[in-house]
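Chemist: For reference, the structure I am asking about is given below.
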Amino acid sequence: MEKIEMNSKLEFGYHQQDITPKRGISLAGYFNARPNRGAYDRLFVKAAVFRDGETVSAIASFDICYLERSIIDRMDAALAKAGSPLAGKVIYSATH
C-alpha cells in the first residue's frame, strides 16, 4: 500500500442568503395559480465551500422545490466568466 502524505490543510467557508419570495409571487407545486400570502419561515440558499490545497469545491443548497438545468448552467457560466475555480465544481441541491 502506498503512503500518502497529508501536507495541506482543509479550509471551509459558509454563507447563507435569504431568498424568500415577495408576497404575491406564485408558488410552485399547484395546478392553479396560487400567489403566496406571506411566509411562516424564511427561505435561504446556503453555500459551503471547501479547499484542500489547490482543490476547491462547493455545495449550494436552495430552500426551493426544484432547480431547472438552465439555472444551474447559468450559475456555472457566471462562475466561469468571473474566473472562479468553482466553475463546474459545485453540487446544487433543492431541499423542498
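As shown in the C-alpha cells, the chain order sets the letters A, B, ...; within each chain, residues go from 1, and ligands are also counted from 1 in the order they appear.
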To test your reading of the structure, identify every residue in chain A that backbone DSSP assigns to alpha helix (DSSP H), and report it as a PyMOL selection string.

Modeler: chain A and resi 69-81

Chemist: Which neighbours of Arg37 of chain A fall inside 10 Å, counting only C-alpha atoms, when residues of the same chain fewer than 6 positions from it are skipped, and could you give them as a VMD selection string?

Modeler: chain A and resid 22 to 27

Chemist: Looking at only C-alpha atoms, which of A:Tyr30, A:Tyr92, A:Tyr14, A:Tyr40 is the one that sits closest to Ser61 of chain A?

Modeler: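 Of the candidates, the smallest distance to Ser61 of chain A is held by A:Tyr92.
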
Chemist: Find the distance between atom CA of Phe50 of chain A and atom CA of Gly88 of chain A and write it in Å to one decimal.

Modeler: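 Interatomic distance, atom CA of Phe50 of chain A to atom CA of Gly88 of chain A: 14.0 Å.
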
Chemist: Of the candidates A:Glu54, A:Asp41, A:Asp18, A:Asp63, which one gets nearest to Pro85 of chain A if we count only C-alpha atoms?

Modeler: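 Using only C-alpha atoms, the shortest distance to Pro85 of chain A belongs to A:Glu54.
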
Chemist: Going by DSSP on the backbone, which bits of segment 12-58 of chain A are strand (DSSP E or B)? Write them as a PyMOL selection string, please.

Modeler: chain A and resi 12-18+26+35+44-52+55-58

Chemist: Just the number, please: distance in Å from atom CA of Thr20 of chain A to atom CA of Arg42 of chain A, one decimal.

Modeler: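 Interatomic distance here is 5.5 Å.
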
Chemist: Between A:Arg74, A:Lys89, A:Arg51, A:His96, which residue has the minimum interatomic distance to Phe12 of chain A, considering only C-alpha atoms?

Modeler: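 Selected residue with least distance to Phe12 of chain A: A:Arg51.
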
Chemist: For a test of reading the model, state the distance in Å between atom CA of Ser70 of chain A and atom CA of Ile91 of chain A, rounded to one decimal.

Modeler: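 Answer for the atom CA of Ser70 of chain A to atom CA of Ile91 of chain A separation: 14.7 Å.
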
Chemist: Quick one: residues within 10 Å of Gln17 of chain A, only C-alpha atoms counted, chain neighbours fewer than 6 positions away excluded, as a count of residues only?

Modeler: 6
